[in-house]
Protein chains: 2
Amino acid sequence: MDPVDIDAALATFTETWSPRLLASINDYDVKLVKVEGDFTWHSHEDTDELFLVLDGELTIALDGPEASDEVVLGPRQLYVIPRGVQHLPRARPGTSVLLLEPRGVVNTGDTGGPLTAETQPL
Amino acid sequence: MDPVDIDAALATFTETWSPRLLASINDYDVKLVKVEGDFTWHSHEDTDELFLVLDGELTIALDGPEASDEVVLGPRQLYVIPRGVQHLPRARPGTSVLLLEPRGVVNTGDTGGPLTAETQPL
């Protein structure tokens, strides 16, 4: 493989909530995603999921809409959502995130719906 | 878990080639390491290994000392060393790297020696 430049990768697309595959390590994928506004409540029953913020600000609401738990992440801050935990990412404009999870994880988890997006190649 | 701030984590240690555990995702670990100068030639027979440069400049020589292959990574650039590939990381002063690999991988791989270091908690 060639080295991957995150900023060059960010310059190749504008769609939000549409992950791009940056690299694979064994059966795990590292993905790059631009995010803005609210995603959808969902969980992943079989896997943890790592968010590393690159730019902007990402808030991850946790434990469902009745709860008030959330974490707020800026650049160079990361968080792992444990498997089975309901979460809703929301972001300011201009936010980009690196995701790490096993290959084949669906972005909307057990919720599905119109925000479901296949991971795209760069 | 609490969110992890990479820069706060970097401020807690000065040792080079001594990885700190930042987070775990399933049976994978995300580690933070400060690097400077030459490491040692080694490979990991059973796993790929991801390097994401945070600060500074990391050169990864590849395929053994007789080869001239290398990749040079600056901040926000990443590379995956495939399993079994001999590699020697070398870095300018002030370089820090995020590593991703399965839990239990030894930093010096099949080479061992004095640079072998257990992953430390933050």
# chains A, B, ... in the order shown; residues from 1 in each chain; ligands from 1
$ closest_atom_pairs --of "chain B" --to "chain A" --cutoff "9 Å" --atoms "only C-alpha atoms" --output "CSV"
residue,atom,partner,partner_atom,distance
B:Met1,CA,A:Val80,CA,7.6
B:Asp2,CA,A:Tyr79,CA,7.3
B:Pro3,CA,A:Tyr79,CA,5.0
B:Val4,CA,A:Leu78,CA,5.2
B:Asp5,CA,A:Gln77,CA,4.4
B:Ile6,CA,A:Arg76,CA,5.5
B:Asp7,CA,A:Arg76,CA,7.2
B:Leu22,CA,A:Leu78,CA,8.8
B:Ala23,CA,A:Val80,CA,7.2
B:Ser24,CA,A:Val80,CA,7.5
B:Ile25,CA,A:Asp48,CA,5.4
B:Asn26,CA,A:Asp48,CA,5.9
B:Thr47,CA,A:Asn26,CA,6.5
B:Asp48,CA,A:Ile25,CA,5.4
B:Glu49,CA,A:Ile25,CA,6.5
B:Leu50,CA,A:Ile25,CA,6.7
B:Leu54,CA,A:Arg76,CA,8.7
B:Val71,CA,A:Pro3,CA,7.0
B:Val72,CA,A:Pro3,CA,7.9
B:Leu73,CA,A:Pro3,CA,7.2
B:Gly74,CA,A:Asp5,CA,8.6
B:Pro75,CA,A:Asp5,CA,8.6
B:Arg76,CA,A:Ile6,CA,5.5
B:Gln77,CA,A:Asp5,CA,4.5
B:Leu78,CA,A:Val4,CA,5.2
B:Tyr79,CA,A:Pro3,CA,5.0
B:Val80,CA,A:Ile25,CA,6.8
B:Ile81,CA,A:Ile25,CA,8.6
B:Pro82,CA,A:Ile25,CA,8.0
B:Arg83,CA,A:Asn26,CA,8.6
B:Leu100,CA,A:Ile25,CA,8.2
B:Glu101,CA,A:Ile25,CA,7.6
$ calpha_fit_and_write --fixed "chain A" --moving "chain B" --output "tab-separated table (two decimals) with N, CA and C atoms, in the first residue's frame"
chain	number	residue	atom	x	y	z
B	1	MET	N	0.84	-1.20	0.01
B	1	MET	CA	0.01	0.00	0.02
B	1	MET	C	0.89	1.24	0.01
B	2	ASP	N	0.31	2.34	-0.41
B	2	ASP	CA	0.96	3.64	-0.26
B	2	ASP	C	0.54	4.23	1.09
B	3	PRO	N	1.37	5.10	1.64
B	3	PRO	CA	0.92	5.83	2.83
B	3	PRO	C	-0.38	6.57	2.54
B	4	VAL	N	-1.19	6.70	3.56
B	4	VAL	CA	-2.47	7.39	3.42
B	4	VAL	C	-2.38	8.74	4.11
B	5	ASP	N	-2.70	9.78	3.37
B	5	ASP	CA	-2.71	11.13	3.91
B	5	ASP	C	-4.16	11.52	4.21
B	6	ILE	N	-4.45	11.71	5.47
B	6	ILE	CA	-5.84	11.96	5.86
B	6	ILE	C	-6.38	13.22	5.22
B	7	ASP	N	-5.57	14.27	5.15
B	7	ASP	CA	-6.09	15.52	4.58
B	7	ASP	C	-6.32	15.41	3.08
B	8	ALA	N	-5.44	14.67	2.40
B	8	ALA	CA	-5.70	14.43	0.98
B	8	ALA	C	-6.99	13.62	0.80
B	9	ALA	N	-7.21	12.66	1.69
B	9	ALA	CA	-8.43	11.85	1.61
B	9	ALA	C	-9.67	12.72	1.86
B	10	LEU	N	-9.57	13.61	2.84
B	10	LEU	CA	-10.71	14.49	3.14
B	10	LEU	C	-11.08	15.37	1.95
B	11	ALA	N	-10.09	15.69	1.14
B	11	ALA	CA	-10.32	16.59	0.00
B	11	ALA	C	-11.03	15.89	-1.16
B	12	THR	N	-11.20	14.57	-1.07
B	12	THR	CA	-11.77	13.83	-2.21
B	12	THR	C	-13.28	13.68	-2.15
B	13	PHE	N	-13.92	14.11	-1.04
B	13	PHE	CA	-15.38	13.92	-0.97
B	13	PHE	C	-16.00	14.97	-0.06
B	14	THR	N	-17.29	15.16	-0.23
B	14	THR	CA	-18.00	16.14	0.58
B	14	THR	C	-19.17	15.54	1.36
B	15	GLU	N	-19.61	14.34	0.97
B	15	GLU	CA	-20.79	13.75	1.60
B	15	GLU	C	-20.58	13.54	3.10
B	16	THR	N	-21.62	13.80	3.88
B	16	THR	CA	-21.56	13.51	5.31
B	16	THR	C	-22.19	12.15	5.60
B	17	TRP	N	-21.76	11.55	6.70
B	17	TRP	CA	-22.26	10.23	7.17
B	17	TRP	C	-22.05	9.13	6.14
B	18	SER	N	-21.03	9.29	5.30
B	18	SER	CA	-20.73	8.29	4.27
B	18	SER	C	-19.26	7.88	4.40
B	19	PRO	N	-19.00	6.82	5.16
B	19	PRO	CA	-17.61	6.49	5.48
B	19	PRO	C	-16.78	6.03	4.29
B	20	ARG	N	-15.52	6.45	4.30
B	20	ARG	CA	-14.53	6.02	3.32
B	20	ARG	C	-13.53	5.09	4.00
B	21	LEU	N	-13.12	4.06	3.27
B	21	LEU	CA	-12.14	3.11	3.81
B	21	LEU	C	-10.74	3.68	3.65
B	22	LEU	N	-10.06	3.92	4.77
B	22	LEU	CA	-8.69	4.44	4.73
B	22	LEU	C	-7.67	3.32	4.71
B	23	ALA	N	-7.90	2.28	5.50
B	23	ALA	CA	-6.91	1.21	5.63
B	23	ALA	C	-7.57	0.04	6.33
B	24	SER	N	-6.97	-1.12	6.16
B	24	SER	CA	-7.43	-2.32	6.86
B	24	SER	C	-6.27	-2.93	7.64
B	25	ILE	N	-6.60	-3.43	8.83
B	25	ILE	CA	-5.63	-4.13	9.68
B	25	ILE	C	-6.28	-5.45	10.03
B	26	ASN	N	-5.75	-6.54	9.49
B	26	ASN	CA	-6.37	-7.84	9.67
B	26	ASN	C	-7.84	-7.72	9.24
B	27	ASP	N	-8.79	-8.05	10.12
B	27	ASP	CA	-10.20	-7.95	9.74
B	27	ASP	C	-10.88	-6.71	10.31
B	28	TYR	N	-10.08	-5.69	10.61
B	28	TYR	CA	-10.63	-4.42	11.06
B	28	TYR	C	-10.43	-3.36	9.98
B	29	ASP	N	-11.35	-2.41	9.94
B	29	ASP	CA	-11.26	-1.31	8.99
B	29	ASP	C	-11.10	0.02	9.72
B	30	VAL	N	-10.26	0.88	9.17
B	30	VAL	CA	-10.15	2.27	9.60
B	30	VAL	C	-10.86	3.11	8.55
B	31	LYS	N	-11.83	3.88	8.99
B	31	LYS	CA	-12.69	4.64	8.07
B	31	LYS	C	-12.59	6.12	8.39
B	32	LEU	N	-12.83	6.91	7.37
B	32	LEU	CA	-12.85	8.37	7.50
B	32	LEU	C	-14.26	8.83	7.16
B	33	VAL	N	-14.81	9.68	8.01
B	33	VAL	CA	-16.18	10.13	7.74
B	33	VAL	C	-16.31	11.61	8.10
B	34	LYS	N	-17.01	12.33	7.23
B	34	LYS	CA	-17.40	13.71	7.54
B	34	LYS	C	-18.79	13.66	8.16
B	35	VAL	N	-18.99	14.42	9.19
B	35	VAL	CA	-20.26	14.36	9.91
B	35	VAL	C	-20.75	15.77	10.19
B	36	GLU	N	-22.07	15.90	10.22
B	36	GLU	CA	-22.66	17.21	10.51
B	36	GLU	C	-24.11	16.99	10.92
B	37	GLY	N	-24.52	17.65	11.98
B	37	GLY	CA	-25.89	17.48	12.45
B	37	GLY	C	-26.06	16.16	13.18
B	38	ASP	N	-27.32	15.72	13.30
B	38	ASP	CA	-27.64	14.51	14.06
B	38	ASP	C	-27.60	13.27	13.18
B	39	PHE	N	-27.03	12.20	13.71
B	39	PHE	CA	-27.14	10.89	13.06
B	39	PHE	C	-28.42	10.24	13.57
B	40	THR	N	-28.41	8.99	13.89
B	40	THR	CA	-29.60	8.30	14.36
B	40	THR	C	-29.21	7.44	15.56
B	41	TRP	N	-30.12	7.27	16.49
B	41	TRP	CA	-29.86	6.37	17.61
B	41	TRP	C	-29.66	4.95	17.09
B	42	HIS	N	-28.62	4.31	17.55
B	42	HIS	CA	-28.39	2.92	17.16
B	42	HIS	C	-27.40	2.29	18.12
B	43	SER	N	-27.24	0.99	18.00
B	43	SER	CA	-26.18	0.31	18.73
B	43	SER	C	-25.63	-0.82	17.86
B	44	HIS	N	-24.47	-1.32	18.26
B	44	HIS	CA	-23.86	-2.46	17.59
B	44	HIS	C	-23.74	-3.56	18.64
B	45	GLU	N	-24.54	-4.61	18.44
B	45	GLU	CA	-24.62	-5.63	19.49
B	45	GLU	C	-23.34	-6.43	19.65
B	46	ASP	N	-22.56	-6.52	18.57
B	46	ASP	CA	-21.45	-7.47	18.57
B	46	ASP	C	-20.07	-6.82	18.63
B	47	THR	N	-20.02	-5.50	18.71
B	47	THR	CA	-18.69	-4.90	18.65
B	47	THR	C	-18.64	-3.54	19.32
B	48	ASP	N	-17.48	-3.24	19.89
B	48	ASP	CA	-17.15	-1.89	20.30
B	48	ASP	C	-16.86	-1.07	19.03
B	49	GLU	N	-16.80	0.27	19.21
B	49	GLU	CA	-16.57	1.14	18.06
B	49	GLU	C	-15.76	2.35	18.55
B	50	LEU	N	-14.68	2.64	17.87
B	50	LEU	CA	-13.83	3.77	18.28
B	50	LEU	C	-14.06	4.98	17.39
B	51	PHE	N	-14.20	6.15	18.02
B	51	PHE	CA	-14.28	7.44	17.34
B	51	PHE	C	-13.05	8.26	17.73
B	52	LEU	N	-12.31	8.71	16.74
B	52	LEU	CA	-11.20	9.65	16.97
B	52	LEU	C	-11.49	10.90	16.15
B	53	VAL	N	-11.70	12.02	16.84
B	53	VAL	CA	-12.04	13.26	16.12
B	53	VAL	C	-10.77	13.87	15.52
B	54	LEU	N	-10.88	14.24	14.26
B	54	LEU	CA	-9.78	14.86	13.53
B	54	LEU	C	-9.93	16.38	13.48
B	55	ASP	N	-11.14	16.82	13.22
B	55	ASP	CA	-11.44	18.25	13.08
B	55	ASP	C	-12.84	18.49	13.63
B	56	GLY	N	-13.06	19.69	14.14
B	56	GLY	CA	-14.41	20.06	14.54
B	56	GLY	C	-14.77	19.57	15.93
B	57	GLU	N	-16.04	19.28	16.13
B	57	GLU	CA	-16.51	18.83	17.45
B	57	GLU	C	-17.63	17.83	17.28
B	58	LEU	N	-17.47	16.70	17.94
B	58	LEU	CA	-18.44	15.61	17.90
B	58	LEU	C	-18.99	15.39	19.30
B	59	THR	N	-20.30	15.41	19.40
B	59	THR	CA	-20.95	15.02	20.65
B	59	THR	C	-21.57	13.64	20.42
B	60	ILE	N	-21.35	12.74	21.35
B	60	ILE	CA	-21.99	11.42	21.25
B	60	ILE	C	-22.94	11.29	22.43
B	61	ALA	N	-24.24	11.35	22.14
B	61	ALA	CA	-25.25	11.10	23.16
B	61	ALA	C	-25.29	9.60	23.41
B	62	LEU	N	-25.49	9.22	24.67
B	62	LEU	CA	-25.36	7.81	25.07
B	62	LEU	C	-26.62	7.33	25.80
B	63	ASP	N	-26.90	6.06	25.62
B	63	ASP	CA	-27.89	5.34	26.44
B	63	ASP	C	-29.33	5.67	26.08
B	64	GLY	N	-29.56	6.29	24.92
B	64	GLY	CA	-30.92	6.50	24.46
B	64	GLY	C	-31.45	7.88	24.76
B	65	PRO	N	-32.54	8.26	24.07
B	65	PRO	CA	-33.03	9.64	24.15
B	65	PRO	C	-33.57	10.03	25.52
B	66	GLU	N	-33.84	9.06	26.37
B	66	GLU	CA	-34.33	9.41	27.72
B	66	GLU	C	-33.19	9.78	28.66
B	67	ALA	N	-31.98	9.40	28.29
B	67	ALA	CA	-30.82	9.68	29.15
B	67	ALA	C	-30.22	11.04	28.79
B	68	SER	N	-29.40	11.55	29.66
B	68	SER	CA	-28.75	12.83	29.35
B	68	SER	C	-27.23	12.66	29.26
B	69	ASP	N	-26.80	11.43	29.18
B	69	ASP	CA	-25.35	11.18	29.11
B	69	ASP	C	-24.83	11.55	27.73
B	70	GLU	N	-23.67	12.19	27.71
B	70	GLU	CA	-23.02	12.45	26.44
B	70	GLU	C	-21.54	12.69	26.67
B	71	VAL	N	-20.78	12.49	25.62
B	71	VAL	CA	-19.37	12.88	25.63
B	71	VAL	C	-19.17	13.86	24.49
B	72	VAL	N	-18.30	14.82	24.71
B	72	VAL	CA	-17.98	15.84	23.70
B	72	VAL	C	-16.50	15.70	23.35
B	73	LEU	N	-16.23	15.54	22.07
B	73	LEU	CA	-14.86	15.29	21.62
B	73	LEU	C	-14.42	16.37	20.64
B	74	GLY	N	-13.23	16.90	20.86
B	74	GLY	CA	-12.59	17.79	19.91
B	74	GLY	C	-11.45	17.07	19.21
B	75	PRO	N	-10.68	17.79	18.41
B	75	PRO	CA	-9.57	17.18	17.69
B	75	PRO	C	-8.59	16.47	18.64
B	76	ARG	N	-8.13	15.32	18.20
B	76	ARG	CA	-7.18	14.50	18.95
B	76	ARG	C	-7.77	13.98	20.26
B	77	GLN	N	-9.09	13.82	20.27
B	77	GLN	CA	-9.74	13.16	21.40
B	77	GLN	C	-10.50	11.95	20.86
B	78	LEU	N	-10.53	10.89	21.66
B	78	LEU	CA	-11.15	9.65	21.19
B	78	LEU	C	-12.00	9.03	22.29
B	79	TYR	N	-12.90	8.16	21.83
B	79	TYR	CA	-13.84	7.50	22.74
B	79	TYR	C	-14.23	6.17	22.12
B	80	VAL	N	-14.44	5.19	22.99
B	80	VAL	CA	-14.90	3.88	22.52
B	80	VAL	C	-16.32	3.64	23.04
B	81	ILE	N	-17.24	3.40	22.11
B	81	ILE	CA	-18.60	3.02	22.47
B	81	ILE	C	-18.60	1.51	22.71
B	82	PRO	N	-18.92	1.07	23.92
B	82	PRO	CA	-18.95	-0.38	24.14
B	82	PRO	C	-20.09	-1.03	23.35
B	83	ARG	N	-19.89	-2.29	23.03
B	83	ARG	CA	-20.94	-3.03	22.30
B	83	ARG	C	-22.26	-2.94	23.04
B	84	GLY	N	-23.32	-2.80	22.30
B	84	GLY	CA	-24.65	-2.81	22.89
B	84	GLY	C	-25.13	-1.49	23.43
B	85	VAL	N	-24.27	-0.49	23.47
B	85	VAL	CA	-24.67	0.82	24.03
B	85	VAL	C	-25.30	1.69	22.94
B	86	GLN	N	-26.51	2.12	23.20
B	86	GLN	CA	-27.19	3.04	22.28
B	86	GLN	C	-26.42	4.37	22.24
B	87	HIS	N	-26.25	4.87	21.01
B	87	HIS	CA	-25.55	6.15	20.88
B	87	HIS	C	-26.05	6.91	19.67
B	88	LEU	N	-25.97	8.22	19.76
B	88	LEU	CA	-26.34	9.11	18.66
B	88	LEU	C	-25.24	10.15	18.51
B	89	PRO	N	-24.45	10.06	17.45
B	89	PRO	CA	-23.44	11.09	17.18
B	89	PRO	C	-24.11	12.33	16.58
B	90	ARG	N	-23.64	13.48	17.02
B	90	ARG	CA	-24.06	14.74	16.39
B	90	ARG	C	-22.83	15.63	16.30
B	91	ALA	N	-22.80	16.45	15.26
B	91	ALA	CA	-21.55	17.17	15.02
B	91	ALA	C	-21.80	18.56	14.48
B	92	ARG	N	-20.85	19.42	14.82
B	92	ARG	CA	-20.83	20.76	14.23
B	92	ARG	C	-20.38	20.66	12.77
B	93	PRO	N	-20.74	21.63	11.96
B	93	PRO	CA	-20.22	21.64	10.58
B	93	PRO	C	-18.69	21.60	10.59
B	94	GLY	N	-18.13	20.91	9.62
B	94	GLY	CA	-16.68	20.86	9.49
B	94	GLY	C	-16.02	19.79	10.34
B	95	THR	N	-16.82	18.87	10.86
B	95	THR	CA	-16.26	17.82	11.71
B	95	THR	C	-15.90	16.59	10.88
B	96	SER	N	-14.73	16.05	11.14
B	96	SER	CA	-14.32	14.79	10.51
B	96	SER	C	-13.80	13.86	11.58
B	97	VAL	N	-14.06	12.57	11.36
B	97	VAL	CA	-13.82	11.55	12.38
B	97	VAL	C	-13.16	10.34	11.74
B	98	LEU	N	-12.23	9.75	12.46
B	98	LEU	CA	-11.68	8.45	12.09
B	98	LEU	C	-12.40	7.40	12.93
B	99	LEU	N	-12.90	6.37	12.26
B	99	LEU	CA	-13.62	5.28	12.92
B	99	LEU	C	-12.80	4.01	12.82
B	100	LEU	N	-12.88	3.21	13.87
B	100	LEU	CA	-12.25	1.89	13.83
B	100	LEU	C	-13.24	0.86	14.32
B	101	GLU	N	-13.40	-0.18	13.53
B	101	GLU	CA	-14.31	-1.26	13.91
B	101	GLU	C	-14.08	-2.46	13.00
B	102	PRO	N	-14.59	-3.62	13.37
B	102	PRO	CA	-14.41	-4.79	12.51
B	102	PRO	C	-15.06	-4.58	11.14
B	103	ARG	N	-14.47	-5.20	10.13
B	103	ARG	CA	-15.02	-5.11	8.78
B	103	ARG	C	-16.46	-5.59	8.76
B	104	GLY	N	-17.30	-4.87	8.03
B	104	GLY	CA	-18.67	-5.31	7.82
B	104	GLY	C	-19.67	-4.70	8.78
B	105	VAL	N	-19.20	-3.92	9.75
B	105	VAL	CA	-20.14	-3.27	10.66
B	105	VAL	C	-20.94	-2.23	9.88
B	106	VAL	N	-22.25	-2.23	10.07
B	106	VAL	CA	-23.14	-1.29	9.39
B	106	VAL	C	-23.23	-0.01	10.22
B	107	ASN	N	-23.14	1.14	9.53
B	107	ASN	CA	-23.02	2.40	10.27
B	107	ASN	C	-24.23	2.70	11.16
B	108	THR	N	-25.40	2.23	10.75
B	108	THR	CA	-26.60	2.49	11.56
B	108	THR	C	-26.93	1.33	12.50
B	109	GLY	N	-26.04	0.35	12.59
B	109	GLY	CA	-26.20	-0.73	13.56
B	109	GLY	C	-27.51	-1.45	13.40
B	110	ASP	N	-28.23	-1.62	14.52
B	110	ASP	CA	-29.49	-2.37	14.52
B	110	ASP	C	-30.68	-1.50	14.15
B	111	THR	N	-30.45	-0.25	13.79
B	111	THR	CA	-31.56	0.69	13.52
B	111	THR	C	-31.90	0.75	12.04
B	112	GLY	N	-30.88	0.73	11.18
B	112	GLY	CA	-31.13	0.85	9.74
B	112	GLY	C	-31.68	2.21	9.38
B	113	GLY	N	-32.40	2.28	8.26
B	113	GLY	CA	-33.00	3.54	7.86
B	113	GLY	C	-32.18	4.25	6.79
B	114	PRO	N	-32.62	5.46	6.44
B	114	PRO	CA	-32.06	6.13	5.27
B	114	PRO	C	-30.60	6.56	5.43
B	115	LEU	N	-30.09	6.63	6.65
B	115	LEU	CA	-28.69	7.02	6.83
B	115	LEU	C	-27.74	5.84	6.68
B	116	THR	N	-28.28	4.65	6.48
B	116	THR	CA	-27.42	3.49	6.28
B	116	THR	C	-26.59	3.69	5.01
B	117	ALA	N	-25.28	3.51	5.13
B	117	ALA	CA	-24.39	3.75	3.99
B	117	ALA	C	-23.29	2.70	3.98
B	118	GLU	N	-23.07	2.11	2.83
B	118	GLU	CA	-21.93	1.22	2.64
B	118	GLU	C	-20.64	2.02	2.75
B	119	THR	N	-19.62	1.41	3.29
B	119	THR	CA	-18.30	2.03	3.28
B	119	THR	C	-17.79	2.09	1.84
B	120	GLN	N	-17.33	3.27	1.44
B	120	GLN	CA	-16.85	3.48	0.08
B	120	GLN	C	-15.33	3.44	0.04
B	121	PRO	N	-14.77	2.98	-1.08
B	121	PRO	CA	-13.32	3.12	-1.23
B	121	PRO	C	-12.95	4.59	-1.38
B	122	LEU	N	-11.73	4.92	-1.13
B	122	LEU	CA	-11.28	6.31	-1.33
B	122	LEU	C	-11.27	6.65	-2.82
$ select_by_dssp --residues "chain B" --states "strand (DSSP E or B)" --output "VMD selection string"
chain B and resid 4 to 5 16 20 to 25 28 to 38 42 49 to 55 58 to 62 70 to 73 77 to 81 87 to 102 120 to 121
$ write_last_selection --atoms "C-alpha atoms" --output "mmCIF file, in the first residue's frame"
data_model
loop_
_atom_site.group_PDB
_atom_site.id
_atom_site.type_symbol
_atom_site.label_atom_id
_atom_site.label_comp_id
_atom_site.auth_asym_id
_atom_site.auth_seq_id
_atom_site.Cartn_x
_atom_site.Cartn_y
_atom_site.Cartn_z
ATOM 1 C CA VAL B 4 -9.170 10.252 25.958
ATOM 2 C CA ASP B 5 -7.268 13.399 25.093
ATOM 3 C CA THR B 16 10.553 6.764 23.916
ATOM 4 C CA ARG B 20 0.932 3.557 26.502
ATOM 5 C CA LEU B 21 -2.530 2.020 26.254
ATOM 6 C CA LEU B 22 -5.018 4.672 25.118
ATOM 7 C CA ALA B 23 -8.094 2.535 24.514
ATOM 8 C CA SER B 24 -9.276 -0.952 23.672
ATOM 9 C CA ILE B 25 -11.776 -2.022 21.013
ATOM 10 C CA TYR B 28 -7.496 -4.698 19.789
ATOM 11 C CA ASP B 29 -5.462 -2.020 21.541
ATOM 12 C CA VAL B 30 -4.830 1.581 20.541
ATOM 13 C CA LYS B 31 -1.456 2.677 21.879
ATOM 14 C CA LEU B 32 0.400 5.961 22.063
ATOM 15 C CA VAL B 33 4.161 5.978 21.720
ATOM 16 C CA LYS B 34 6.885 8.600 21.580
ATOM 17 C CA VAL B 35 9.661 7.628 19.222
ATOM 18 C CA GLU B 36 13.088 8.986 18.391
ATOM 19 C CA GLY B 37 16.030 7.555 16.515
ATOM 20 C CA ASP B 38 16.194 3.965 15.265
ATOM 21 C CA HIS B 42 11.500 -6.945 13.410
ATOM 22 C CA GLU B 49 0.147 -3.214 12.406
ATOM 23 C CA LEU B 50 -1.090 0.331 11.842
ATOM 24 C CA PHE B 51 1.001 3.468 12.410
ATOM 25 C CA LEU B 52 -0.720 6.865 12.473
ATOM 26 C CA VAL B 53 1.693 9.759 12.960
ATOM 27 C CA LEU B 54 0.476 12.478 15.310
ATOM 28 C CA ASP B 55 3.512 14.761 15.449
ATOM 29 C CA LEU B 58 8.413 8.734 11.112
ATOM 30 C CA THR B 59 10.311 6.778 8.498
ATOM 31 C CA ILE B 60 9.574 3.068 8.299
ATOM 32 C CA ALA B 61 12.281 1.102 6.510
ATOM 33 C CA LEU B 62 10.835 -2.060 4.959
ATOM 34 C CA GLU B 70 10.829 2.971 3.058
ATOM 35 C CA VAL B 71 7.806 5.097 3.724
ATOM 36 C CA VAL B 72 7.963 8.543 5.308
ATOM 37 C CA LEU B 73 4.994 9.699 7.356
ATOM 38 C CA GLN B 77 -0.525 10.176 7.665
ATOM 39 C CA LEU B 78 -0.869 6.451 8.269
ATOM 40 C CA TYR B 79 0.501 3.163 7.022
ATOM 41 C CA VAL B 80 -0.198 -0.502 7.640
ATOM 42 C CA ILE B 81 2.702 -2.938 7.871
ATOM 43 C CA HIS B 87 10.348 -3.177 9.299
ATOM 44 C CA LEU B 88 12.463 -0.691 11.218
ATOM 45 C CA PRO B 89 10.824 2.532 12.420
ATOM 46 C CA ARG B 90 13.055 5.561 12.840
ATOM 47 C CA ALA B 91 11.965 8.997 13.887
ATOM 48 C CA ARG B 92 12.981 12.576 14.285
ATOM 49 C CA PRO B 93 12.933 14.010 17.805
ATOM 50 C CA GLY B 94 9.457 15.044 18.880
ATOM 51 C CA THR B 95 7.636 12.328 16.979
ATOM 52 C CA SER B 96 4.567 10.654 18.438
ATOM 53 C CA VAL B 97 2.592 7.826 16.903
ATOM 54 C CA LEU B 98 -0.717 6.090 17.461
ATOM 55 C CA LEU B 99 -0.455 2.322 17.012
ATOM 56 C CA LEU B 100 -3.246 -0.147 16.421
ATOM 57 C CA GLU B 101 -2.850 -3.886 16.719
ATOM 58 C CA PRO B 102 -4.335 -6.900 18.488
ATOM 59 C CA GLN B 120 1.925 0.587 30.044
ATOM 60 C CA PRO B 121 -1.350 2.013 31.293
#
$ select_by_dssp --residues "chain A" --states "alpha helix (DSSP H)" --output "list of chain:residue names"
A:Ile6, A:Asp7, A:Ala8, A:Ala9, A:Leu10
$ write_last_selection --atoms "all heavy atoms" --output "short mmCIF file (atom, residue, chain, number, x, y, z; two decimals), in the first residue's frame"
data_model
loop_
_atom_site.label_atom_id
_atom_site.label_comp_id
_atom_site.auth_asym_id
_atom_site.auth_seq_id
_atom_site.Cartn_x
_atom_site.Cartn_y
_atom_site.Cartn_z
N ILE A 6 -4.45 11.72 5.46
CA ILE A 6 -5.84 11.96 5.86
C ILE A 6 -6.38 13.23 5.21
O ILE A 6 -7.53 13.28 4.76
CB ILE A 6 -5.94 12.02 7.39
CG1 ILE A 6 -5.76 10.61 7.98
CG2 ILE A 6 -7.27 12.63 7.83
CD1 ILE A 6 -5.68 10.56 9.49
N ASP A 7 -5.57 14.27 5.15
CA ASP A 7 -6.08 15.52 4.58
C ASP A 7 -6.31 15.41 3.08
O ASP A 7 -7.28 15.97 2.55
CB ASP A 7 -5.15 16.68 4.95
CG ASP A 7 -5.22 16.95 6.44
OD1 ASP A 7 -6.31 17.29 6.93
OD2 ASP A 7 -4.22 16.76 7.13
N ALA A 8 -5.45 14.67 2.40
CA ALA A 8 -5.70 14.42 0.98
C ALA A 8 -6.98 13.62 0.81
O ALA A 8 -7.78 13.88 -0.10
CB ALA A 8 -4.51 13.69 0.36
N ALA A 9 -7.21 12.65 1.68
CA ALA A 9 -8.43 11.86 1.60
C ALA A 9 -9.67 12.72 1.86
O ALA A 9 -10.69 12.59 1.17
CB ALA A 9 -8.36 10.69 2.60
N LEU A 10 -9.57 13.60 2.83
CA LEU A 10 -10.71 14.48 3.14
C LEU A 10 -11.07 15.37 1.94
O LEU A 10 -12.25 15.74 1.78
CB LEU A 10 -10.39 15.37 4.34
CG LEU A 10 -10.46 14.68 5.71
CD1 LEU A 10 -9.85 15.58 6.78
CD2 LEU A 10 -11.90 14.33 6.08
#
